[in-house]
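data_27.txt follows; it contains compact mmCIF, C-alpha atoms.
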# COMPACT_ATOMS: atom_id res chain seq x y z
CA MET A 29 0.00 0.00 0.00
CA ARG A 30 1.33 3.43 -0.89
CA ALA A 31 1.99 5.93 1.87
CA ARG A 32 -0.25 8.98 1.75
CA VAL A 33 1.21 12.33 0.81
CA ALA A 34 2.16 14.54 3.77
CA LEU A 35 3.19 18.17 3.31
CA LEU A 36 4.67 20.34 6.07
CA LEU A 37 5.86 23.91 6.30
CA LEU A 38 9.33 24.69 7.58
CA PRO A 39 9.15 27.70 9.94
CA ALA A 40 12.95 27.93 10.22
CA VAL A 41 13.33 29.45 6.77
CA ALA A 42 12.10 32.78 5.46
CA PHE A 43 10.12 31.26 2.60
CA ALA A 44 7.60 28.43 2.42
CA GLN A 45 9.33 25.11 1.80
CA ARG A 46 7.58 21.82 1.31
CA ALA A 47 8.90 18.63 2.85
CA PRO A 48 8.94 16.08 0.00
CA ALA A 49 6.59 13.18 0.62
CA ILE A 50 8.46 9.91 0.23
CA VAL A 51 6.17 7.18 -1.11
CA LEU A 52 7.43 3.63 -0.70
CA LYS A 53 7.23 1.50 -3.81
CA HIS A 54 5.36 -1.78 -3.75
CA ALA A 55 6.99 -4.55 -1.72
CA ASN A 56 9.32 -6.82 -3.69
CA ALA A 57 9.49 -9.53 -0.99
CA THR A 58 7.28 -10.66 1.91
CA LEU A 59 8.13 -13.32 4.49
CA ALA A 60 5.37 -15.76 5.39
CA GLU A 61 6.98 -16.33 8.81
CA GLU A 62 4.89 -15.01 11.71
CA PHE A 63 6.40 -12.70 14.31
CA SER A 64 5.05 -11.04 17.45
CA LYS A 65 7.04 -7.80 17.65
CA ILE A 66 9.97 -7.22 15.32
CA LYS A 67 12.57 -5.09 17.05
CA SER A 68 15.26 -4.81 14.38
CA VAL A 69 16.41 -6.05 10.98
CA ARG A 70 19.93 -6.26 9.53
CA GLU A 71 20.52 -7.09 5.88
CA LEU A 72 23.58 -9.25 5.18
CA ALA A 73 25.81 -9.07 2.11
CA ASP A 74 24.27 -12.22 0.56
CA GLY A 75 20.73 -10.82 0.82
CA ARG A 76 19.70 -12.77 3.90
CA ILE A 77 18.39 -10.80 6.87
CA LEU A 78 18.81 -11.01 10.61
CA ILE A 79 15.51 -10.46 12.44
CA GLY A 80 15.01 -9.94 16.17
CA ASP A 81 11.57 -10.67 17.69
CA GLU A 82 11.37 -8.68 20.90
CA ARG A 83 8.27 -10.31 22.37
CA GLU A 84 9.27 -13.89 21.58
CA THR A 85 12.94 -13.26 22.53
CA ARG A 86 14.34 -15.01 19.46
CA LEU A 87 16.75 -14.18 16.67
CA VAL A 88 16.38 -15.68 13.21
CA VAL A 89 18.02 -15.43 9.81
CA ALA A 90 15.71 -15.38 6.80
CA ASP A 91 16.25 -15.73 3.07
CA PRO A 92 13.65 -13.58 1.23
CA ARG A 93 14.28 -15.52 -1.99
CA SER A 94 13.40 -18.96 -0.64
CA GLY A 95 11.38 -17.93 2.42
CA LYS A 96 13.52 -20.15 4.63
CA VAL A 97 13.79 -18.98 8.25
CA SER A 98 16.27 -20.47 10.74
CA VAL A 99 16.58 -19.75 14.45
CA ILE A 100 20.06 -18.59 15.50
CA ALA A 101 19.40 -17.65 19.17
CA ARG A 102 16.63 -18.29 21.68
CA ILE A 103 16.01 -17.24 25.25
CA GLY A 104 18.53 -18.63 27.71
CA ARG A 105 21.62 -17.78 29.75
CA GLY A 106 24.24 -19.87 27.96
CA PRO A 107 26.73 -18.92 25.21
CA GLY A 108 24.92 -17.56 22.18
CA GLU A 109 21.60 -17.40 24.06
CA ILE A 110 19.77 -14.20 24.92
CA GLN A 111 17.55 -12.69 27.59
CA ALA A 112 16.37 -9.73 25.51
CA VAL A 113 16.44 -8.59 21.89
CA GLY A 114 18.11 -5.27 21.10
CA PRO A 115 18.65 -3.36 17.86
CA PHE A 116 21.22 -4.61 15.36
CA PHE A 117 24.16 -2.30 14.62
CA ALA A 118 26.29 -2.84 11.52
CA LEU A 119 30.04 -3.13 12.03
CA ALA A 120 32.79 -3.66 9.43
CA GLY A 121 32.00 -6.13 6.67
CA ASP A 122 29.21 -8.55 7.50
CA SER A 123 29.60 -8.33 11.27
CA THR A 124 26.88 -7.08 13.61
CA LEU A 125 26.60 -6.00 17.24
CA MET A 126 23.53 -6.57 19.41
CA ALA A 127 23.19 -5.64 23.08
CA ASP A 128 21.24 -7.98 25.37
CA GLY A 129 20.00 -5.49 27.95
CA PHE A 130 18.65 -7.99 30.48
CA SER A 131 21.78 -10.11 30.78
CA ARG A 132 24.03 -7.08 30.15
CA ARG A 133 25.98 -8.96 27.50
CA TRP A 134 26.71 -8.17 23.87
CA LEU A 135 26.59 -10.55 20.93
CA LEU A 136 28.92 -10.19 17.95
CA PHE A 137 27.71 -11.83 14.75
CA ASP A 138 29.80 -13.00 11.84
CA GLY A 139 27.15 -13.09 9.14
CA ALA A 140 24.30 -15.10 10.65
CA ARG A 141 26.48 -16.81 13.27
CA VAL A 142 26.93 -15.69 16.86
CA ALA A 143 30.72 -15.52 16.86
CA VAL A 144 31.44 -13.93 20.26
CA THR A 145 29.50 -13.31 23.44
CA ILE A 146 31.00 -10.34 25.29
CA PRO A 147 30.39 -10.75 29.05
CA ALA A 148 29.27 -8.09 31.51
CA GLU A 149 32.78 -8.06 33.00
CA ALA A 150 34.35 -6.74 29.78
CA PRO A 151 35.79 -3.21 30.18
CA VAL A 152 33.53 -1.68 27.53
CA LEU A 153 30.40 -3.07 29.20
CA LYS A 154 31.53 -1.75 32.56
CA THR A 155 32.06 1.66 30.98
CA THR A 156 28.75 1.80 29.11
CA ARG A 157 26.76 -0.32 31.59
CA GLY A 158 25.66 -2.29 28.53
CA ALA A 159 23.77 0.53 26.79
CA VAL A 160 24.43 1.00 23.07
CA MET A 161 23.28 3.82 20.80
CA GLY A 162 25.07 2.78 17.66
CA ALA A 163 28.46 1.43 16.58
CA ASP A 164 31.01 2.29 13.90
CA ARG A 165 33.58 0.47 11.78
CA ASN A 166 36.44 1.90 13.84
CA GLY A 167 35.65 -0.13 16.94
CA ARG A 168 33.61 2.40 18.89
CA VAL A 169 30.12 2.42 20.36
CA ALA A 170 27.96 5.32 21.52
CA SER A 171 26.26 5.20 24.90
CA GLN A 172 24.48 7.48 27.34
CA LEU A 173 25.39 7.49 31.00
CA PHE A 174 23.78 8.96 34.09
CA ALA A 175 26.04 11.60 35.60
CA ILE A 176 26.05 9.92 39.02
CA GLY A 177 27.62 11.94 41.78
CA THR A 178 28.08 15.11 39.71
CA ALA A 179 29.44 17.90 41.95
CA GLY A 180 29.05 15.64 44.98
CA ARG A 181 25.27 15.36 44.60
CA PRO A 182 23.19 12.18 44.24
CA TRP A 183 21.73 11.62 40.81
CA ASN A 184 18.49 13.46 40.08
CA PRO A 185 16.20 12.33 37.22
CA ALA A 186 16.12 15.95 36.00
CA ASP A 187 19.87 15.88 35.33
CA SER A 188 21.13 15.60 31.79
CA MET A 189 22.89 12.45 30.65
CA LEU A 190 26.38 12.11 29.23
CA LEU A 191 26.81 11.09 25.59
CA VAL A 192 30.02 9.08 25.25
CA LEU A 193 31.99 7.26 22.58
CA ALA A 194 33.69 4.15 23.96
CA GLU A 195 36.29 1.85 22.41
CA ARG A 196 35.04 -1.72 22.22
CA ALA A 197 38.51 -3.19 22.77
CA THR A 198 39.53 -1.20 25.86
CA GLY A 199 36.44 0.47 27.28
CA ARG A 200 38.12 3.88 27.11
CA ALA A 201 35.45 6.56 26.67
CA ASP A 202 35.28 10.21 25.68
CA THR A 203 32.33 12.43 26.56
CA ILE A 204 31.15 14.22 23.43
CA GLY A 205 27.98 15.91 24.68
CA ARG A 206 24.97 15.93 26.96
CA LEU A 207 21.45 14.68 26.41
CA ARG A 208 18.26 15.76 28.09
CA SER A 209 17.19 12.84 30.28
CA PHE A 210 14.04 10.91 29.46
CA LEU A 211 13.31 11.06 33.21
CA ASP A 212 13.43 14.82 33.54
CA ARG A 213 9.95 15.29 34.98
CA GLY A 214 11.14 15.22 38.58
CA ARG A 215 7.71 15.67 40.12
CA ALA A 216 6.78 12.17 38.99
CA PHE A 217 9.73 10.76 40.91
CA GLY A 218 9.54 12.38 44.34
CA ARG A 219 11.78 15.08 45.75
CA PRO A 220 15.00 16.06 43.90
CA GLY A 221 17.88 13.67 44.31
CA VAL A 222 15.73 10.75 45.46
CA TYR A 223 14.41 8.19 43.00
CA MET A 224 10.94 7.36 44.36
CA GLU A 225 9.16 5.43 41.61
CA SER A 226 10.14 2.49 39.45
CA THR A 227 7.52 3.11 36.77
CA VAL A 228 8.67 5.21 33.84
CA PRO A 229 6.18 8.04 33.19
CA PRO A 230 4.03 7.96 30.05
CA MET A 231 5.57 9.46 26.92
CA ALA A 232 8.93 9.65 28.70
CA VAL A 233 11.21 10.79 25.89
CA GLY A 234 14.58 12.51 26.09
CA ASP A 235 17.17 13.63 23.58
CA GLN A 236 18.39 10.67 21.51
CA ALA A 237 21.64 9.93 19.72
CA LEU A 238 22.77 7.43 17.10
CA LEU A 239 26.31 6.56 16.00
CA PHE A 240 26.49 5.69 12.29
CA ALA A 241 28.87 3.07 10.90
CA ASP A 242 31.01 5.81 9.30
CA GLY A 243 31.59 7.56 12.64
CA TRP A 244 29.04 10.37 12.34
CA VAL A 245 26.69 10.93 15.30
CA ALA A 246 23.13 12.26 14.98
CA ILE A 247 21.50 13.87 18.03
CA ALA A 248 17.73 14.43 18.00
CA ARG A 249 16.86 17.29 20.35
CA LEU A 250 13.48 17.82 21.97
CA ASP A 251 13.40 21.56 22.58
CA PRO A 252 13.41 22.88 19.97
CA TYR A 253 12.90 19.78 17.86
CA ARG A 254 15.98 19.55 15.65
CA VAL A 255 18.82 17.20 14.68
CA ASP A 256 22.42 18.13 15.46
CA TRP A 257 25.33 16.27 13.85
CA ARG A 258 28.85 15.44 14.97
CA SER A 259 31.14 14.50 12.09
CA ALA A 260 33.65 11.67 12.25
CA ASP A 261 36.43 14.20 12.94
CA GLY A 262 34.53 15.84 15.81
CA ARG A 263 32.99 18.90 14.14
CA ILE A 264 29.54 19.88 15.49
CA ALA A 265 26.74 21.22 13.25
CA ARG A 266 23.60 22.49 14.98
CA GLY A 267 20.44 21.79 13.03
CA SER A 268 17.66 24.30 12.43
CA PRO A 269 14.28 23.74 14.15
CA LEU A 270 12.19 21.14 12.34
CA PRO A 271 8.42 21.38 11.76
CA PHE A 272 6.59 20.66 14.99
CA THR A 273 3.36 21.90 16.55
CA ALA A 274 2.86 20.99 20.20
CA THR A 275 -0.32 19.02 20.95
CA LYS A 276 -1.89 19.30 24.40
CA VAL A 277 -2.15 16.02 26.30
CA ASP A 278 -5.85 15.94 27.14
CA GLU A 279 -8.05 12.97 28.00
CA ARG A 280 -8.39 12.05 24.33
CA GLU A 281 -4.61 11.93 23.88
CA LYS A 282 -4.17 9.91 27.06
CA ARG A 283 -6.71 7.33 25.90
CA ALA A 284 -5.12 7.11 22.44
CA TYR A 285 -1.68 6.55 24.00
CA LEU A 286 -2.95 3.85 26.37
CA ASP A 287 -4.78 2.14 23.52
CA ARG A 288 -1.54 2.01 21.51
CA LEU A 289 0.31 0.44 24.45
CA ALA A 290 -2.42 -2.13 24.97
CA LYS A 291 -2.42 -3.03 21.29
CA ALA A 292 1.37 -3.39 21.19
CA TRP A 293 1.89 -5.24 24.50
CA GLY A 294 -1.51 -6.71 25.41
CA ARG A 295 -2.09 -4.29 28.29
CA ALA A 296 -1.40 -0.73 29.35
CA PRO A 297 -0.18 0.41 32.79
CA GLU A 298 -2.02 2.87 34.98
CA TYR A 299 -0.49 6.31 35.50
CA ALA A 300 -1.09 8.98 38.11
CA ASP A 301 -2.71 12.16 36.83
CA ASP A 302 0.40 14.24 37.50
CA ALA A 303 2.69 11.81 35.62
CA TRP A 304 1.52 12.96 32.17
CA PRO A 305 3.41 15.67 30.27
CA ALA A 306 1.64 18.87 29.26
CA SER A 307 2.12 18.19 25.54
CA LEU A 308 3.16 15.41 23.18
CA PRO A 309 6.91 15.16 22.51
CA PRO A 310 7.94 15.44 18.85
CA PHE A 311 9.24 11.86 18.61
CA GLU A 312 8.91 8.49 20.32
CA ALA A 313 11.40 6.59 22.45
CA ASP A 314 13.99 4.64 20.39
CA ALA A 315 12.96 6.74 17.43
CA LEU A 316 16.17 6.82 15.38
CA LEU A 317 17.20 4.64 12.44
CA PRO A 318 20.17 5.05 10.06
CA ALA A 319 19.15 5.27 6.41
CA PRO A 320 21.58 3.71 3.90
CA ASP A 321 22.51 7.08 2.36
CA GLY A 322 23.70 8.55 5.67
CA LYS A 323 20.47 10.34 6.52
CA LEU A 324 18.58 9.90 9.79
CA LEU A 325 15.04 8.56 10.11
CA VAL A 326 13.08 9.89 13.11
CA ARG A 327 9.83 8.19 14.14
CA ARG A 328 7.38 10.90 15.19
CA MET A 329 5.03 10.58 18.15
CA PRO A 330 1.51 9.62 16.99
CA SER A 331 -1.50 11.56 18.20
CA ALA A 332 -5.22 10.92 18.50
CA SER A 333 -5.87 12.90 15.33
CA GLY A 334 -2.76 11.56 13.55
CA PRO A 335 -2.41 7.87 14.54
CA ASN A 336 -0.60 6.69 11.42
CA PRO A 337 3.15 6.03 11.70
CA ARG A 338 5.08 9.06 10.45
CA TYR A 339 8.82 9.51 9.91
CA ASP A 340 11.03 12.51 9.25
CA LEU A 341 14.08 11.98 7.05
CA VAL A 342 16.82 14.42 8.08
CA ASP A 343 20.02 15.04 6.13
CA ARG A 344 23.46 15.82 7.56
CA ARG A 345 22.84 19.54 7.43
CA GLY A 346 19.96 19.02 9.86
CA ALA A 347 17.41 19.85 7.15
CA LEU A 348 14.20 17.95 6.54
CA ALA A 349 14.79 15.88 3.39
CA GLY A 350 11.39 14.18 3.31
CA GLN A 351 8.62 12.56 5.25
CA ILE A 352 7.12 9.08 5.17
CA THR A 353 3.60 8.29 6.37
CA LEU A 354 2.57 4.63 6.56
CA PRO A 355 -0.81 2.99 7.09
CA GLU A 356 -1.71 2.18 10.68
CA GLY A 357 -0.19 -1.12 11.79
CA GLN A 358 3.02 -0.70 9.79
CA GLN A 359 6.46 0.26 11.09
CA ILE A 360 9.90 0.68 9.56
CA VAL A 361 12.31 -1.68 11.34
CA GLY A 362 15.49 -1.54 9.28
CA PHE A 363 17.29 -0.87 6.02
CA GLY A 364 19.43 -2.66 3.50
CA THR A 365 21.74 -1.04 0.98
CA LYS A 366 18.83 -0.47 -1.43
CA SER A 367 15.87 -1.60 0.67
CA VAL A 368 13.68 -0.60 3.60
CA TYR A 369 12.04 -3.25 5.78
CA VAL A 370 8.52 -2.77 7.16
CA ALA A 371 6.80 -4.84 9.87
CA VAL A 372 3.09 -5.21 9.07
CA THR A 373 0.70 -6.16 11.89
CA ASP A 374 -2.65 -7.77 11.05
CA ASP A 375 -5.89 -7.62 13.05
CA ASP A 376 -4.81 -10.65 15.11
CA GLY A 377 -1.57 -8.98 16.21
CA ILE A 378 0.61 -11.14 13.96
CA GLN A 379 3.51 -9.41 12.22
CA ARG A 380 5.08 -10.20 8.89
CA LEU A 381 8.07 -8.58 7.27
CA ARG A 382 8.00 -6.83 3.92
CA ARG A 383 10.90 -5.49 1.86
CA HIS A 384 10.42 -2.35 -0.23
CA PRO A 385 12.89 -0.66 -2.59
CA TRP A 386 14.40 2.41 -0.92
CA PRO A 387 13.73 5.48 -3.10
Just give me the structure of the file as structure tokens.
Amino acid sequence: MRARVALLLLPAVAFAQRAPAIVLKHANATLAEEFSKIKSVRELADGRILIGDERETRLVVADPRSGKVSVIARIGRGPGEIQAVGPFFALAGDSTLMADGFSRRWLLFDGARVAVTIPAEAPVLKTTRGAVMGADRNGRVASQLFAIGTAGRPWNPADSMLLVLAERATGRADTIGRLRSFLDRGRAFGRPGVYMESTVPPMAVGDQALLFADGWVAIARLDPYRVDWRSADGRIARGSPLPFTATKVDEREKRAYLDRLAKAWGRAPEYADDAWPASLPPFEADALLPAPDGKLLVRRMPSASGPNPRYDLVDRRGALAGQITLPEGQQIVGFGTKSVYVAVTDDDGIQRLRRHPWP
């Protein structure tokens, strides 16, 4: 199904500029295999694809040409087994990194084979505490760290977080910036400096970063909504504000948000009245994907009046290069060199994977 046309105005420029609507071409491959919640997809050099099912906690490799699907990792605590499915990050050649957040281990893949399991005791995992926000071909990963004990104070959820680049081999890290914390609404967490609640507030979104394979880092900022870039040699380019109109979080928006959670996970938690933000954030949690041409894809926050999945494509100048709007129940989960992969959920909650040519 073709994405509908979406036109936006860019307020950051002195003249009206239209964001090109990117319409995905018809799918050229569809897997018959059933999934529950596809977290990430990684296309290999031979055309096969790694697929991580978050809800079923399994990793598979699939061949779109034959339709064959083989399990390469299931839930467990042994070598090559996983406790949680994370996003796939491309490394040099046909190698891939995936972080298992529950067991705090990393898996390194050689093609479709789990070649190395990096334990929690490894220096780089101690440095990053297991969190990964991208990896590059030069042996580095990006991570965000709580600034615990800053200036002698206990950590406060309102504090910003540190954005670091860490070497996989040694764990040595350099701080390259700060990110607004996704837990910055302190009133939902008790008095400052004391973490009172274990439940993450609704729509808890902070600044997000993504390290590309070529060493560039994209940083999606909340206020104002924009994308900053750090080049591979450390130069910083601040992006202009991107099109965004704040939507008040009223009872209709709360119900729409809870309905989306219930549809995705089978149930929705209950939140205190004062836990909700005043307005919808511009993008969702884990909203960033690297496009094959070096651009950044940002998944926007749906609303009651705009429930369809919507994505901004941002170039390395921080400018809006296009926008994709998909039918409800579809989500972009990964890219290949010339393809984009979309998870399609049917009325029974079953997902299947489609491959579309990337424009």
Residue neighbourhood Pro320 in chain A, 10 Å, only C-alpha atoms, exclusion window fewer than 5 positions, as a PDB file with C-alpha atoms, in the frame of the given file:
ATOM      1  CA  PHE A 240      26.490   5.690  12.290  1.00  0.00           C
ATOM      2  CA  GLY A 362      15.490  -1.540   9.280  1.00  0.00           C
ATOM      3  CA  PHE A 363      17.290  -0.870   6.020  1.00  0.00           C
ATOM      4  CA  GLY A 364      19.430  -2.660   3.500  1.00  0.00           C
ATOM      5  CA  THR A 365      21.740  -1.040   0.980  1.00  0.00           C
ATOM      6  CA  LYS A 366      18.830  -0.470  -1.430  1.00  0.00           C
ATOM      7  CA  SER A 367      15.870  -1.600   0.670  1.00  0.00           C
ATOM      8  CA  VAL A 368      13.680  -0.600   3.600  1.00  0.00           C
ATOM      9  CA  TRP A 386      14.400   2.410  -0.920  1.00  0.00           C
TER      10      TRP A 386
END
Straight-line distance linking CA of Val370 in chain A with CA of Arg327 in chain A, stated in Å to one decimal: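 Computing it gives 13.1 Å between the two atoms.
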From the options A:Ser307, A:Thr353, A:Ser259, A:Gln172, which residue's atoms come nearest to Phe272 in chain A, counting all atoms listed in the file?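 Among the listed residues, A:Ser307 lies closest to Phe272 in chain A.
Using all atoms listed in the file, the shortest contact distance between Val192 in chain A and any of A:Val152, A:Leu324, A:Ala47, A:Ile79 is found at A:Val152.
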Just how far from CA of Ala118 in chain A is CA of Pro147 in chain A, in Å to one decimal?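 CA of Ala118 in chain A lies at a distance of 19.7 Å from CA of Pro147 in chain A.
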Considering only C-alpha atoms, state which residue in the set A:Pro230, A:Gly334, A:Gly104, A:Gly267 is at the smallest distance from Pro355 in chain A.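 Going through A:Pro230, A:Gly334, A:Gly104, A:Gly267 one by one, the smallest distance to Pro355 in chain A is for A:Gly334.
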Per residue of range 276-382 of chain A within 12 Å of range 88-100 of chain A, what are the shortest atom pair and its distance in Å to one decimal, counting only C-alpha atoms, with rows by chain and residue number, as JSON lines?
{"residue": "A:Tyr369", "atom": "CA", "partner": "A:Pro92", "partner_atom": "CA", "distance": 11.4}
{"residue": "A:Arg380", "atom": "CA", "partner": "A:Gly95", "partner_atom": "CA", "distance": 11.9}
{"residue": "A:Leu381", "atom": "CA", "partner": "A:Pro92", "partner_atom": "CA", "distance": 9.6}
{"residue": "A:Arg382", "atom": "CA", "partner": "A:Pro92", "partner_atom": "CA", "distance": 9.2}
Hey, what's within 6 Å of Phe137 in chain A if we count all atoms listed in the file and toss same-chain stuff fewer than 2 positions away? As a list of chain:residue names, please?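 Close residues of Phe137 in chain A: A:Ser123, A:Thr124, A:Gly139, A:Arg141, A:Val142, A:Ala143.
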Contacts of Asp251 in chain A at 10 Å (all atoms listed in the file; same-chain gap of 2+ positions) as a list in words: Arg208, Gly234, Asp235, Ala248, Arg249, Tyr253, Arg254, Pro269, Pro309 and Pro310 of chain A
Selection from above, C-alpha atoms, as a tab-separated table (two decimals), in the coordinates of the input, can you write it?
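Final output, saved to selection.tsv:
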chain	number	residue	atom	x	y	z
A	208	ARG	CA	18.26	15.76	28.09
A	234	GLY	CA	14.58	12.51	26.09
A	235	ASP	CA	17.17	13.63	23.58
A	248	ALA	CA	17.73	14.43	18.00
A	249	ARG	CA	16.86	17.29	20.35
A	253	TYR	CA	12.90	19.78	17.86
A	254	ARG	CA	15.98	19.55	15.65
A	269	PRO	CA	14.28	23.74	14.15
A	309	PRO	CA	6.91	15.16	22.51
A	310	PRO	CA	7.94	15.44	18.85
Contact residues around Ala101 in chain A with all atoms listed in the file at 12 Å, ignoring same-chain residues under 4 positions, as a ChimeraX atom specification: /A:78-81,84-89,105-113,126,128,135,137,140-143,145
Report as a PDB file with C-alpha atoms, in the coordinates of the input all protein, DNA and RNA residues lying within 8 Å of Ala315 in chain A, evaluated on only C-alpha atoms, omitting residues in the same chain fewer than 4 positions from it.
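Result went into part-v3.pdb, see below:
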ATOM      1  CA  GLN A 236      18.390  10.670  21.510  1.00  0.00           C
ATOM      2  CA  PHE A 311       9.240  11.860  18.610  1.00  0.00           C
ATOM      3  CA  LEU A 325      15.040   8.560  10.110  1.00  0.00           C
ATOM      4  CA  VAL A 326      13.080   9.890  13.110  1.00  0.00           C
ATOM      5  CA  ARG A 327       9.830   8.190  14.140  1.00  0.00           C
ATOM      6  CA  ARG A 328       7.380  10.900  15.190  1.00  0.00           C
TER       7      ARG A 328
END
As a check of understanding: the span from CA of Arg383 in chain A to CA of Leu52 in chain A is 10.1 Å
For range 334-345 of chain A, which lacks atoms in the input, supply N, CA and C atoms and format the output as a CSV table (one decimal), keeping the file's coordinate frame.
chain,number,residue,atom,x,y,z
A,334,GLY,N,-3.7,12.0,14.5
A,334,GLY,CA,-2.8,11.6,13.6
A,334,GLY,C,-2.1,10.2,14.0
A,335,PRO,N,-2.9,9.1,14.0
A,335,PRO,CA,-2.4,7.9,14.5
A,335,PRO,C,-1.5,7.1,13.6
A,336,ASN,N,-1.4,7.5,12.4
A,336,ASN,CA,-0.6,6.7,11.4
A,336,ASN,C,0.9,6.9,11.7
A,337,PRO,N,1.7,5.9,11.5
A,337,PRO,CA,3.2,6.0,11.7
A,337,PRO,C,3.7,7.1,10.7
A,338,ARG,N,4.5,8.0,11.3
A,338,ARG,CA,5.1,9.1,10.4
A,338,ARG,C,6.6,9.2,10.8
A,339,TYR,N,7.4,9.4,9.8
A,339,TYR,CA,8.8,9.5,9.9
A,339,TYR,C,9.3,10.7,9.2
A,340,ASP,N,10.3,11.4,9.9
A,340,ASP,CA,11.0,12.5,9.2
A,340,ASP,C,12.4,12.0,8.8
A,341,LEU,N,12.8,12.3,7.6
A,341,LEU,CA,14.1,12.0,7.0
A,341,LEU,C,14.9,13.2,7.1
A,342,VAL,N,16.0,13.2,7.8
A,342,VAL,CA,16.8,14.4,8.1
A,342,VAL,C,18.2,14.2,7.5
A,343,ASP,N,18.7,15.2,6.7
A,343,ASP,CA,20.0,15.0,6.1
A,343,ASP,C,21.1,15.6,7.1
A,344,ARG,N,22.4,15.5,6.7
A,344,ARG,CA,23.5,15.8,7.6
A,344,ARG,C,23.7,17.3,7.7
A,345,ARG,N,22.9,18.1,7.1
A,345,ARG,CA,22.8,19.5,7.4
A,345,ARG,C,21.8,19.9,8.5
